[in-house]
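A.B. asks: Below is the file upload.txt, which contains compact mmCIF, C-alpha atoms.
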```
# COMPACT_ATOMS: atom_id res chain seq x y z
CA MET A 440 10.52 -2.65 20.65
CA SER A 441 7.33 -3.33 18.76
CA TYR A 442 3.79 -2.78 20.01
CA ARG A 443 0.80 -4.26 18.28
CA ILE A 444 -2.83 -4.14 19.33
CA ILE A 445 -5.18 -6.09 17.10
CA GLY A 446 -8.94 -6.30 16.69
CA LYS A 447 -10.72 -9.56 17.41
CA GLN A 448 -11.81 -10.63 13.94
CA ARG A 449 -8.74 -9.93 11.85
CA ARG A 450 -5.25 -10.39 13.20
CA LEU A 451 -2.37 -8.61 11.58
CA LYS A 452 0.85 -10.56 11.60
CA VAL A 453 3.79 -8.68 10.13
CA LYS A 454 7.01 -10.63 10.09
CA ARG A 455 10.34 -9.04 10.85
CA CYS A 456 12.51 -9.39 7.79
CA THR A 457 15.49 -7.31 8.90
CA ARG A 458 17.51 -6.94 12.07
CA HIS A 459 16.41 -3.36 12.55
CA ARG A 460 14.24 -2.87 15.60
CA LEU A 461 11.73 -0.15 14.85
CA ILE A 462 9.18 1.35 17.17
CA ARG A 463 5.79 0.52 15.72
CA ILE A 464 2.54 0.87 17.54
CA GLU A 465 -0.36 -0.31 15.47
CA ILE A 466 -4.00 -0.41 16.41
CA PHE A 467 -6.31 -2.20 14.01
CA ALA A 468 -10.03 -2.67 14.54
CA SER A 469 -12.27 -4.98 12.54
CA PHE A 470 -13.17 -2.72 9.65
CA PHE A 471 -13.05 -2.34 5.91
CA ILE A 472 -11.93 0.92 4.31
CA LEU A 473 -13.59 1.75 0.99
CA MET A 474 -11.28 4.16 -0.80
CA VAL A 475 -12.41 6.23 -3.76
CA GLY A 476 -10.58 8.60 -6.05
CA VAL A 477 -11.46 12.12 -4.94
CA VAL A 478 -9.63 15.40 -4.43
CA TYR A 479 -9.68 16.63 -0.83
CA SER A 480 -9.93 20.25 0.29
CA GLN A 481 -8.59 21.97 3.39
CA GLY A 482 -11.96 21.34 5.03
CA ASN A 483 -11.28 17.64 4.92
CA ALA A 484 -7.91 18.15 6.64
CA ASP A 485 -9.60 20.16 9.40
CA ARG A 486 -11.59 17.17 10.64
CA PHE A 487 -8.37 15.21 11.21
CA VAL A 488 -6.62 18.19 12.85
CA THR A 489 -9.49 18.62 15.30
CA VAL A 490 -9.35 14.97 16.39
CA MET A 491 -5.53 14.96 16.55
CA ASN A 492 -5.44 18.10 18.71
CA ARG A 493 -7.86 16.52 21.18
CA MET A 494 -5.74 13.38 21.24
CA MET A 495 -2.63 15.43 22.01
CA GLY A 496 -4.32 17.24 24.90
CA ASN A 497 -5.72 14.07 26.44
CA TYR A 498 -2.48 12.14 25.94
CA ASN A 499 -0.37 14.87 27.57
CA THR A 500 -2.69 15.10 30.60
CA GLY A 501 -3.05 11.33 30.92
CA ASN A 502 -6.81 11.52 30.39
CA TYR A 503 -7.09 8.28 28.42
CA ALA A 504 -10.79 7.87 29.18
CA ALA A 505 -11.47 11.19 27.44
CA MET A 506 -9.29 10.08 24.53
CA GLN A 507 -11.61 7.13 24.00
CA LYS A 508 -14.55 9.45 23.37
CA ASP A 509 -13.07 9.90 19.89
CA TYR A 510 -12.98 6.14 19.22
CA GLY A 511 -15.48 4.34 17.05
CA ASP A 512 -17.17 1.21 18.34
CA GLU A 513 -14.63 -1.00 16.56
CA MET A 514 -11.72 0.73 18.30
CA LEU A 515 -13.42 0.60 21.68
CA ASP A 516 -13.88 -3.12 21.23
CA ALA A 517 -10.29 -3.70 20.09
CA PHE A 518 -8.62 -1.23 22.47
CA PRO A 519 -10.61 -0.80 25.72
CA LEU A 520 -9.40 1.43 28.54
CA GLU A 521 -7.73 -1.43 30.41
CA LYS A 522 -5.44 -1.89 27.40
CA ALA A 523 -5.11 1.77 26.44
CA GLU A 524 -4.01 3.05 29.85
CA PRO A 525 -0.86 0.90 30.31
CA PHE A 526 -0.05 1.25 26.63
CA PHE A 527 0.01 5.05 26.64
CA GLN A 528 1.67 5.15 30.06
CA GLN A 529 4.56 3.12 28.65
CA LEU A 530 4.73 5.35 25.58
CA THR A 531 4.86 8.45 27.78
CA ALA A 532 7.53 6.95 30.04
CA GLN A 533 9.78 6.21 27.08
CA TYR A 534 9.13 9.16 24.75
CA GLY A 535 7.50 11.83 26.90
CA LYS A 536 4.68 14.15 25.95
CA MET A 537 3.70 15.35 22.48
CA VAL A 538 5.45 18.66 21.82
CA ARG A 539 4.48 19.64 18.29
CA ILE A 540 2.14 18.37 15.57
CA GLU A 541 2.99 19.22 11.96
CA PRO A 542 0.35 19.60 9.22
CA PRO A 543 -1.01 16.25 8.05
CA ARG A 544 -0.59 14.42 4.78
CA ILE A 545 -4.10 13.43 3.70
CA VAL A 546 -4.59 9.95 2.25
CA PRO A 547 -8.10 9.97 0.71
CA PRO A 548 -10.73 9.33 1.66
CA ASN A 549 -10.41 8.86 5.42
CA GLN A 550 -6.77 8.70 6.50
CA ALA A 551 -4.22 11.29 7.60
CA VAL A 552 -0.57 11.06 8.65
CA PHE A 553 0.75 13.61 11.19
CA PRO A 554 4.48 14.04 11.82
CA VAL A 555 4.54 14.41 15.63
CA GLU A 556 7.47 15.51 17.77
CA PHE A 557 7.61 14.00 21.28
CA GLU A 558 9.95 15.13 24.03
CA ARG A 559 12.30 12.24 23.26
CA GLY A 560 11.60 11.21 19.70
CA LYS A 561 9.41 11.53 16.61
CA PHE A 562 6.64 9.45 15.09
CA ASP A 563 4.37 9.55 12.09
CA VAL A 564 0.92 9.20 13.64
CA LYS A 565 -1.62 7.84 11.17
CA ILE A 566 -5.32 7.97 11.98
CA VAL A 567 -8.33 6.59 10.13
CA LEU A 568 -11.76 8.16 10.69
CA ASN A 569 -15.23 6.89 9.92
CA ASN A 570 -18.02 9.09 8.57
CA GLN A 571 -18.79 10.32 12.10
CA ASP A 572 -15.15 11.46 12.59
CA LYS A 573 -14.51 8.66 15.07
CA ILE A 574 -11.14 6.89 15.08
CA ILE A 575 -11.28 3.36 13.67
CA GLY A 576 -7.54 2.91 13.02
CA LEU A 577 -4.42 4.30 14.69
CA TRP A 578 -0.71 3.79 14.00
CA PHE A 579 2.43 5.22 15.60
CA LEU A 580 5.15 4.69 12.97
CA PRO A 581 8.81 5.68 12.80
CA PRO A 582 9.33 8.77 10.62
CA SER A 583 9.69 7.75 7.01
CA ALA A 584 13.24 9.08 6.80
CA SER A 585 14.32 6.60 9.46
CA VAL A 586 12.77 3.54 7.84
CA PRO A 587 15.53 1.29 6.51
CA VAL A 588 15.63 0.28 2.86
CA PRO A 589 16.57 -3.39 2.43
CA GLU A 590 19.48 -3.90 0.06
CA LYS A 591 17.60 -6.92 -1.23
CA HIS A 592 14.11 -8.09 -0.37
CA GLN A 593 13.83 -11.25 1.72
CA THR A 594 10.27 -12.10 0.66
CA GLU A 595 10.20 -14.68 -2.13
CA LEU A 596 8.13 -13.05 -4.86
CA ALA A 597 6.29 -14.81 -7.67
CA LEU A 598 4.86 -13.10 -10.74
CA PRO A 599 1.48 -11.53 -9.90
CA PHE A 600 -0.34 -13.10 -12.82
CA LYS A 601 -0.73 -16.05 -15.14
CA GLY A 602 -0.29 -15.97 -18.91
CA THR A 603 2.09 -13.93 -21.03
CA TRP A 604 2.99 -10.30 -20.36
CA LEU A 605 5.26 -7.65 -21.85
CA VAL A 606 7.48 -5.55 -19.59
CA PHE A 607 6.61 -2.14 -21.02
CA TRP A 608 8.58 -0.26 -18.33
CA GLY A 609 11.16 -1.89 -16.09
CA GLY A 610 14.85 -1.70 -15.35
CA ASP A 611 17.46 0.41 -13.59
CA THR A 612 17.82 3.30 -16.04
CA LYS A 613 15.57 6.16 -17.06
CA ALA A 614 15.59 4.91 -20.65
CA GLN A 615 14.23 1.54 -19.49
CA ASN A 616 11.93 2.81 -16.79
CA TYR A 617 9.56 5.77 -16.93
CA HIS A 618 9.27 5.65 -13.10
CA HIS A 619 13.01 5.94 -12.50
CA ASP A 620 13.04 9.43 -10.97
CA VAL A 621 10.22 8.77 -8.48
CA SER A 622 11.67 7.56 -5.17
CA ASN A 623 9.11 4.92 -4.25
CA GLN A 624 8.74 3.73 -7.86
CA HIS A 625 12.42 3.75 -8.76
CA PHE A 626 12.27 0.03 -9.66
CA ALA A 627 8.58 -0.14 -10.65
CA PHE A 628 7.15 -2.19 -13.49
CA ASP A 629 4.32 -1.66 -15.94
CA PHE A 630 3.15 -5.02 -17.30
CA ILE A 631 0.98 -5.30 -20.42
CA GLY A 632 -0.87 -8.54 -21.20
CA VAL A 633 -0.02 -9.99 -24.62
CA ASP A 634 -0.85 -13.05 -26.69
CA GLU A 635 1.71 -15.62 -27.83
CA THR A 636 2.73 -13.40 -30.74
CA GLY A 637 3.43 -10.46 -28.43
CA LYS A 638 0.41 -8.39 -29.46
CA SER A 639 -1.38 -6.50 -26.68
CA ARG A 640 -4.78 -6.11 -28.33
CA LYS A 641 -7.15 -7.34 -30.95
CA GLY A 642 -9.12 -5.22 -33.38
CA ASP A 643 -8.70 -1.46 -33.31
CA GLY A 644 -8.23 -1.25 -29.52
CA SER A 645 -11.09 1.21 -29.17
CA GLY A 646 -12.44 -0.48 -26.03
CA ASN A 647 -10.80 -1.95 -22.93
CA GLU A 648 -12.21 -5.38 -23.78
CA ASN A 649 -10.01 -5.45 -26.89
CA PHE A 650 -6.85 -5.50 -24.75
CA TYR A 651 -5.61 -8.90 -23.60
CA ALA A 652 -4.69 -7.57 -20.15
CA PHE A 653 -8.17 -6.32 -19.34
CA GLY A 654 -9.97 -8.68 -16.96
CA ARG A 655 -7.01 -10.99 -16.36
CA GLU A 656 -6.60 -12.17 -12.77
CA ILE A 657 -4.02 -10.37 -10.62
CA LEU A 658 -2.46 -12.53 -7.91
CA ALA A 659 -0.70 -12.02 -4.58
CA LEU A 660 3.05 -12.28 -5.14
CA ALA A 661 3.61 -13.72 -1.66
CA ASP A 662 1.88 -14.20 1.67
CA GLY A 663 1.05 -11.01 3.52
CA VAL A 664 -1.58 -8.71 5.00
CA VAL A 665 -3.70 -6.28 3.00
CA ILE A 666 -3.03 -2.86 4.54
CA ASP A 667 -4.78 -0.55 2.05
CA VAL A 668 -7.39 -0.93 -0.67
CA ILE A 669 -8.47 1.77 -3.10
CA GLU A 670 -11.75 1.16 -4.92
CA GLY A 671 -14.44 3.06 -6.76
CA VAL A 672 -12.26 4.53 -9.55
CA ARG A 673 -13.78 4.18 -13.02
CA ASP A 674 -11.83 2.54 -15.82
CA ASN A 675 -10.61 4.97 -18.46
CA LEU A 676 -11.34 4.69 -22.14
CA PRO A 677 -8.11 3.71 -23.95
CA GLY A 678 -6.03 6.80 -24.62
CA SER A 679 -7.52 8.74 -21.69
CA MET A 680 -5.84 9.11 -18.29
CA ASN A 681 -7.01 10.10 -14.79
CA PRO A 682 -4.18 11.97 -13.01
CA TYR A 683 -6.52 12.92 -10.14
CA SER A 684 -6.48 9.35 -8.88
CA GLY A 685 -3.09 8.18 -10.04
CA LEU A 686 -3.08 4.62 -8.72
CA GLY A 687 -6.67 3.98 -9.69
CA ASN A 688 -8.04 0.94 -7.90
CA ALA A 689 -5.16 -0.56 -5.94
CA VAL A 690 -4.10 -3.08 -3.29
CA PHE A 691 -1.21 -2.74 -0.82
CA ILE A 692 0.18 -5.91 0.78
CA GLN A 693 2.66 -5.87 3.66
CA HIS A 694 4.83 -8.99 3.44
CA CYS A 695 7.10 -8.13 6.35
CA GLU A 696 8.26 -5.11 8.23
CA ASN A 697 9.95 -3.13 5.45
CA GLU A 698 8.54 -4.82 2.35
CA VAL A 699 5.21 -3.60 0.96
CA SER A 700 3.83 -4.53 -2.47
CA VAL A 701 1.79 -1.95 -4.37
CA LEU A 702 -0.41 -3.20 -7.23
CA ALA A 703 -2.40 -0.62 -9.18
CA HIS A 704 -4.94 0.05 -11.99
CA PHE A 705 -7.37 -2.77 -11.11
CA LYS A 706 -10.68 -2.99 -12.95
CA MET A 707 -13.40 -1.10 -11.11
CA GLY A 708 -15.43 -3.37 -8.83
CA SER A 709 -13.11 -6.35 -9.23
CA ILE A 710 -11.01 -6.26 -6.04
CA ARG A 711 -11.75 -9.30 -3.88
CA VAL A 712 -9.77 -8.57 -0.70
CA LYS A 713 -10.27 -6.27 2.26
CA VAL A 714 -8.06 -4.27 4.58
CA GLY A 715 -6.78 -6.47 7.41
CA GLU A 716 -7.19 -9.68 5.43
CA THR A 717 -4.34 -12.19 5.34
CA VAL A 718 -3.62 -13.34 1.79
CA LYS A 719 -1.66 -16.27 0.47
CA LYS A 720 0.76 -16.42 -2.43
CA GLY A 721 -1.18 -16.93 -5.67
CA GLN A 722 -4.51 -15.76 -4.22
CA VAL A 723 -6.64 -13.72 -6.64
CA LEU A 724 -6.69 -10.05 -5.58
CA GLY A 725 -8.82 -8.74 -8.44
CA LEU A 726 -8.78 -8.17 -12.18
CA CYS A 727 -6.49 -6.09 -14.35
CA GLY A 728 -8.10 -2.84 -15.40
CA ASN A 729 -7.45 0.63 -16.79
CA SER A 730 -8.19 2.89 -13.81
CA GLY A 731 -6.16 5.86 -12.62
CA ASN A 732 -3.22 7.38 -14.47
CA SER A 733 -3.36 4.70 -17.15
CA SER A 734 -3.85 5.03 -20.90
CA GLU A 735 -4.46 1.34 -21.59
CA PRO A 736 -5.14 -1.77 -19.47
CA HIS A 737 -2.02 -2.83 -17.60
CA LEU A 738 -0.68 -3.70 -14.14
CA HIS A 739 1.61 -1.34 -12.26
CA TYR A 740 3.71 -3.05 -9.58
CA HIS A 741 6.43 -1.91 -7.22
CA LEU A 742 7.88 -2.87 -3.84
CA GLN A 743 8.63 -0.21 -1.23
CA ASN A 744 9.90 0.00 2.32
CA THR A 745 6.94 1.63 4.10
CA PRO A 746 3.12 1.41 4.07
CA ILE A 747 2.85 5.17 3.50
CA ILE A 748 2.81 5.37 -0.29
CA GLN A 749 4.24 8.87 -0.74
CA ASN A 750 7.08 8.34 1.75
CA GLY A 751 8.33 5.02 0.41
CA THR A 752 11.66 4.17 -1.14
CA GLY A 753 11.62 1.60 -3.91
CA ILE A 754 13.24 -1.81 -3.57
CA LYS A 755 14.57 -3.65 -6.61
CA VAL A 756 12.47 -6.75 -7.27
CA TYR A 757 13.82 -10.18 -8.20
CA PHE A 758 11.13 -12.70 -9.10
CA ASP A 759 11.84 -16.24 -7.95
CA LYS A 760 11.32 -18.19 -11.15
CA LEU A 761 9.94 -17.18 -14.53
CA ILE A 762 10.20 -17.76 -18.25
CA VAL A 763 11.76 -14.86 -20.14
CA ARG A 764 11.58 -14.44 -23.89
CA GLN A 765 14.19 -12.18 -25.47
CA ASN A 766 14.97 -11.93 -29.17
CA GLY A 767 12.70 -14.87 -29.91
CA LYS A 768 14.39 -17.21 -27.43
CA SER A 769 12.83 -18.43 -24.17
CA GLU A 770 14.78 -19.20 -21.02
CA THR A 771 13.86 -20.06 -17.45
CA LYS A 772 15.48 -17.58 -15.06
CA ILE A 773 15.88 -17.67 -11.28
CA LYS A 774 15.92 -14.54 -9.08
CA TYR A 775 15.58 -12.30 -12.09
CA SER A 776 14.53 -8.66 -12.38
CA PRO A 777 12.86 -8.12 -15.77
CA VAL A 778 13.71 -5.17 -18.01
CA LYS A 779 11.86 -3.24 -20.70
CA GLY A 780 11.11 -5.39 -23.70
CA ASP A 781 11.13 -8.76 -21.91
CA ILE A 782 8.14 -11.02 -22.52
CA ILE A 783 7.56 -12.99 -19.35
CA SER A 784 5.33 -15.70 -17.94
CA PRO A 785 5.27 -17.97 -14.90
CA GLU A 786 7.08 -21.26 -15.32
```
Can you turn what I pasted into structure tokens?

C.D. replies:
Amino acid sequence: MSYRIIGKQRRLKVKRCTRHRLIRIEIFASFFILMVGVVYSQGNADRFVTVMNRMMGNYNTGNYAAMQKDYGDEMLDAFPLEKAEPFFQQLTAQYGKMVRIEPPRIVPPNQAVFPVEFERGKFDVKIVLNNQDKIIGLWFLPPSASVPVPEKHQTELALPFKGTWLVFWGGDTKAQNYHHDVSNQHFAFDFIGVDETGKSRKGDGSGNENFYAFGREILALADGVVIDVIEGVRDNLPGSMNPYSGLGNAVFIQHCENEVSVLAHFKMGSIRVKVGETVKKGQVLGLCGNSGNSSEPHLHYHLQNTPIIQNGTGIKVYFDKLIVRQNGKSETKIKYSPVKGDIISPE
């Protein structure tokens, strides 16, 4: 069963790419989330807990009109009472009342994910609040542990850039891939822009502009829907890193139900897409930068099985068609997963 309630202006269409039938209730209003790199305190969690506790009480008593008092205007427009009442009645009939709410995982600056136990099942309930603590986004997702991990992705993926790039980290072993021990980044890549000789910079590399990657266009690997955007993170000076906002400026694209692309370290102010926007393969998402936990301009990319970044499991990526240079020889490869040391470019 799959429930989906969509706002008027932007329609989210997530294809099923596996045979698994997951319960997913998604409510999207017409809004844009501006995400910035900040550290959140317990006080920030409290605002989400207060709203979630009210939702639980109103849901369990069937007071759906009272529940809507916590909705922002966008949610009220996308999910009026005549839609909300039958929706929550069906949810209650199938899964019962909410029994227990666990502490939330905060996703700065305005999202929280609550593991919630119902009488007959569990969900991860994700809420998005505006500055007035009104709900502008709501998801009921299967718990991350139950989300299947595709043995092989079904989305046809192109390289997310033009030009020539070095695979600095990539592969199936820890020696090849710095990310190897991190579940969602198990098969991640770090791509560094290079010139035709394989050099990544000109001059002494003292500024970001001296690196060939900096300012290059980053492209959508395939069609999909933008589900998260992080912006507002400053670019580092080369050699400096920002662990407090690890991904830096980033874009998440959901291609189908269990395949989500994560692209990170965009140049500050360069991202051209918004949450809820449908993107096409090859569309410019933004420019390569040096934001977040990054010591020099590069693109981080990985594919995972869930939209919730910290709960994802990585999926090995095979790019459709690319030119690979190894040991001075170039070869066109099909359905290939690059490894550390490869120099690659689109065909």

A.B. asks: Report as a list in words all protein, DNA and RNA residues lying within 7 Å of region 711-728 of chain A, evaluated on all atoms listed in the file, omitting residues in the same chain fewer than 6 positions from it.

C.D. replies: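 That gives Arg449, Leu451, Phe471, Ile472, Ala652, Phe653, Gly654, Arg655, Glu656, Ile657, Leu658, Ala659, Leu660, Ala661, Asp662, Gly663, Val664, Val665, Ile666, Asp667, Val668, Asp674, His704, Phe705, Pro736, His737 and Leu738 of chain A.
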
A.B. asks: Let me see the file: selected residues, C-alpha atoms, as a tab-separated table (two decimals), keeping the file's coordinate frame.

C.D. replies:
```
chain	number	residue	atom	x	y	z
A	449	ARG	CA	-8.74	-9.93	11.85
A	451	LEU	CA	-2.37	-8.61	11.58
A	471	PHE	CA	-13.05	-2.34	5.91
A	472	ILE	CA	-11.93	0.92	4.31
A	652	ALA	CA	-4.69	-7.57	-20.15
A	653	PHE	CA	-8.17	-6.32	-19.34
A	654	GLY	CA	-9.97	-8.68	-16.96
A	655	ARG	CA	-7.01	-10.99	-16.36
A	656	GLU	CA	-6.60	-12.17	-12.77
A	657	ILE	CA	-4.02	-10.37	-10.62
A	658	LEU	CA	-2.46	-12.53	-7.91
A	659	ALA	CA	-0.70	-12.02	-4.58
A	660	LEU	CA	3.05	-12.28	-5.14
A	661	ALA	CA	3.61	-13.72	-1.66
A	662	ASP	CA	1.88	-14.20	1.67
A	663	GLY	CA	1.05	-11.01	3.52
A	664	VAL	CA	-1.58	-8.71	5.00
A	665	VAL	CA	-3.70	-6.28	3.00
A	666	ILE	CA	-3.03	-2.86	4.54
A	667	ASP	CA	-4.78	-0.55	2.05
A	668	VAL	CA	-7.39	-0.93	-0.67
A	674	ASP	CA	-11.83	2.54	-15.82
A	704	HIS	CA	-4.94	0.05	-11.99
A	705	PHE	CA	-7.37	-2.77	-11.11
A	736	PRO	CA	-5.14	-1.77	-19.47
A	737	HIS	CA	-2.02	-2.83	-17.60
A	738	LEU	CA	-0.68	-3.70	-14.14
```

A.B. asks: Give me, as a PyMOL selection string, all polymer residues having an atom no more than 12 Å from region 606-623 of chain A, counting all atoms listed in the file and skipping those fewer than 3 positions away in the same chain.

C.D. replies: chain A and resi 583+588+598+603+626-633+637+639+698-701+735-757+763-765+775-784

A.B. asks: Please dump the current selection as a PDB file, keeping the file's coordinate frame; keep C-alpha atoms.

C.D. replies:
```pdb
ATOM      1  CA  SER A 583       9.690   7.750   7.010  1.00  0.00           C
ATOM      2  CA  VAL A 588      15.630   0.280   2.860  1.00  0.00           C
ATOM      3  CA  LEU A 598       4.860 -13.100 -10.740  1.00  0.00           C
ATOM      4  CA  THR A 603       2.090 -13.930 -21.030  1.00  0.00           C
ATOM      5  CA  PHE A 626      12.270   0.030  -9.660  1.00  0.00           C
ATOM      6  CA  ALA A 627       8.580  -0.140 -10.650  1.00  0.00           C
ATOM      7  CA  PHE A 628       7.150  -2.190 -13.490  1.00  0.00           C
ATOM      8  CA  ASP A 629       4.320  -1.660 -15.940  1.00  0.00           C
ATOM      9  CA  PHE A 630       3.150  -5.020 -17.300  1.00  0.00           C
ATOM     10  CA  ILE A 631       0.980  -5.300 -20.420  1.00  0.00           C
ATOM     11  CA  GLY A 632      -0.870  -8.540 -21.200  1.00  0.00           C
ATOM     12  CA  VAL A 633      -0.020  -9.990 -24.620  1.00  0.00           C
ATOM     13  CA  GLY A 637       3.430 -10.460 -28.430  1.00  0.00           C
ATOM     14  CA  SER A 639      -1.380  -6.500 -26.680  1.00  0.00           C
ATOM     15  CA  GLU A 698       8.540  -4.820   2.350  1.00  0.00           C
ATOM     16  CA  VAL A 699       5.210  -3.600   0.960  1.00  0.00           C
ATOM     17  CA  SER A 700       3.830  -4.530  -2.470  1.00  0.00           C
ATOM     18  CA  VAL A 701       1.790  -1.950  -4.370  1.00  0.00           C
ATOM     19  CA  GLU A 735      -4.460   1.340 -21.590  1.00  0.00           C
ATOM     20  CA  PRO A 736      -5.140  -1.770 -19.470  1.00  0.00           C
ATOM     21  CA  HIS A 737      -2.020  -2.830 -17.600  1.00  0.00           C
ATOM     22  CA  LEU A 738      -0.680  -3.700 -14.140  1.00  0.00           C
ATOM     23  CA  HIS A 739       1.610  -1.340 -12.260  1.00  0.00           C
ATOM     24  CA  TYR A 740       3.710  -3.050  -9.580  1.00  0.00           C
ATOM     25  CA  HIS A 741       6.430  -1.910  -7.220  1.00  0.00           C
ATOM     26  CA  LEU A 742       7.880  -2.870  -3.840  1.00  0.00           C
ATOM     27  CA  GLN A 743       8.630  -0.210  -1.230  1.00  0.00           C
ATOM     28  CA  ASN A 744       9.900   0.000   2.320  1.00  0.00           C
ATOM     29  CA  THR A 745       6.940   1.630   4.100  1.00  0.00           C
ATOM     30  CA  PRO A 746       3.120   1.410   4.070  1.00  0.00           C
ATOM     31  CA  ILE A 747       2.850   5.170   3.500  1.00  0.00           C
ATOM     32  CA  ILE A 748       2.810   5.370  -0.290  1.00  0.00           C
ATOM     33  CA  GLN A 749       4.240   8.870  -0.740  1.00  0.00           C
ATOM     34  CA  ASN A 750       7.080   8.340   1.750  1.00  0.00           C
ATOM     35  CA  GLY A 751       8.330   5.020   0.410  1.00  0.00           C
ATOM     36  CA  THR A 752      11.660   4.170  -1.140  1.00  0.00           C
ATOM     37  CA  GLY A 753      11.620   1.600  -3.910  1.00  0.00           C
ATOM     38  CA  ILE A 754      13.240  -1.810  -3.570  1.00  0.00           C
ATOM     39  CA  LYS A 755      14.570  -3.650  -6.610  1.00  0.00           C
ATOM     40  CA  VAL A 756      12.470  -6.750  -7.270  1.00  0.00           C
ATOM     41  CA  TYR A 757      13.820 -10.180  -8.200  1.00  0.00           C
ATOM     42  CA  VAL A 763      11.760 -14.860 -20.140  1.00  0.00           C
ATOM     43  CA  ARG A 764      11.580 -14.440 -23.890  1.00  0.00           C
ATOM     44  CA  GLN A 765      14.190 -12.180 -25.470  1.00  0.00           C
ATOM     45  CA  TYR A 775      15.580 -12.300 -12.090  1.00  0.00           C
ATOM     46  CA  SER A 776      14.530  -8.660 -12.380  1.00  0.00           C
ATOM     47  CA  PRO A 777      12.860  -8.120 -15.770  1.00  0.00           C
ATOM     48  CA  VAL A 778      13.710  -5.170 -18.010  1.00  0.00           C
ATOM     49  CA  LYS A 779      11.860  -3.240 -20.700  1.00  0.00           C
ATOM     50  CA  GLY A 780      11.110  -5.390 -23.700  1.00  0.00           C
ATOM     51  CA  ASP A 781      11.130  -8.760 -21.910  1.00  0.00           C
ATOM     52  CA  ILE A 782       8.140 -11.020 -22.520  1.00  0.00           C
ATOM     53  CA  ILE A 783       7.560 -12.990 -19.350  1.00  0.00           C
ATOM     54  CA  SER A 784       5.330 -15.700 -17.940  1.00  0.00           C
TER      55      SER A 784
END
```

A.B. asks: What box, with edges along x, y and z, holds each listed atom of region 744-761 of chain A when 6 Å is added on every side, and can you state its centre and edge lengths in Å to one decimal, as AutoDock Vina command-line options?

C.D. replies:
```
--center_x 8.7 --center_y -4.7 --center_z -5.2 --size_x 23.8 --size_y 39.1 --size_z 30.6
```

A.B. asks: Using all atoms listed in the file, can you tell me which of A:Asn569, A:Gln693, A:Asn675, A:Gln624 comes closest to Thr594 (chain A)?

C.D. replies: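 Answer, going by the shortest atom-to-atom distance: A:Gln693.
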
A.B. asks: Please report the interatomic distance between CA of Lys774 (chain A) and CA of Lys591 (chain A) in Å with one decimal.

C.D. replies: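 Atom-to-atom, CA of Lys774 (chain A) and CA of Lys591 (chain A) are spaced 11.1 Å apart.
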
A.B. asks: When you count only C-alpha atoms, which of these residues is closest to Asn492 (chain A): A:Pro682, A:Arg539, A:Ala551, A:Gln533?

C.D. replies: A:Arg539

A.B. asks: Which residues come within 10 Å of Gly501 (chain A), counting all atoms listed in the file, excluding same-chain residues fewer than 3 positions away, as a list in words?

C.D. replies: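 My reading of the contact set: Met495, Gly496, Asn497, Tyr498, Ala504, Ala505, Met506, Glu524, Phe527, Gln528, Thr531 and Lys536 of chain A.
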
A.B. asks: Taking 3 positions as the minimum chain separation for residues in the same chain, which residues sit within 10 Å of Lys638 (chain A) when counting all atoms listed in the file? Answer as a PyMOL selection string.

C.D. replies: chain A and resi 604-605+631-635+641+650-651

A.B. asks: Which is closest to Arg544 (chain A) among A:Cys695, A:Ala484, A:Leu577, A:Ile762, if we use only C-alpha atoms?

C.D. replies: A:Ala484

A.B. asks: Record the distance separating CA of Gly560 (chain A) and CA of Arg486 (chain A), expressed in Å with one decimal.

C.D. replies: 25.6 Å

A.B. asks: For Phe487 (chain A), which residue among A:Val555, A:Leu515, A:Leu568, A:Leu530 is the nearest when counting all atoms listed in the file?

C.D. replies: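 For Phe487 (chain A), the nearest of the candidates is A:Leu568.
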
A.B. asks: Could you state the separation of CA of Ala689 (chain A) and CA of Ser734 (chain A) in Å, given to one decimal place?

C.D. replies: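 These two atoms are separated by 16.0 Å.
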
A.B. asks: Need the shell around region 561-566 of chain A: protein/DNA/RNA residues with any atom at most 7 Å away, counting only C-alpha atoms. Skip same-chain ones fewer than 6 positions apart. Format as an mmCIF file with C-alpha atoms, in the coordinates of the input?

C.D. replies:
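See out_28.cif below for the written result:
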```
data_model
loop_
_atom_site.group_PDB
_atom_site.id
_atom_site.type_symbol
_atom_site.label_atom_id
_atom_site.label_comp_id
_atom_site.auth_asym_id
_atom_site.auth_seq_id
_atom_site.Cartn_x
_atom_site.Cartn_y
_atom_site.Cartn_z
ATOM 1 C CA GLN A 550 -6.770 8.700 6.500
ATOM 2 C CA ALA A 551 -4.220 11.290 7.600
ATOM 3 C CA VAL A 552 -0.570 11.060 8.650
ATOM 4 C CA PHE A 553 0.750 13.610 11.190
ATOM 5 C CA PRO A 554 4.480 14.040 11.820
ATOM 6 C CA VAL A 555 4.540 14.410 15.630
ATOM 7 C CA ILE A 574 -11.140 6.890 15.080
ATOM 8 C CA GLY A 576 -7.540 2.910 13.020
ATOM 9 C CA LEU A 577 -4.420 4.300 14.690
ATOM 10 C CA TRP A 578 -0.710 3.790 14.000
ATOM 11 C CA PHE A 579 2.430 5.220 15.600
ATOM 12 C CA LEU A 580 5.150 4.690 12.970
ATOM 13 C CA PRO A 581 8.810 5.680 12.800
ATOM 14 C CA PRO A 582 9.330 8.770 10.620
#
```

A.B. asks: Restricting the calculation to all atoms listed in the file: of A:Asp509, A:Ile669, A:Pro542, A:Gly685, which residue gets closest to Met707 (chain A)?

C.D. replies: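 Comparing A:Asp509, A:Ile669, A:Pro542, A:Gly685 against Met707 (chain A), the winner is A:Ile669.
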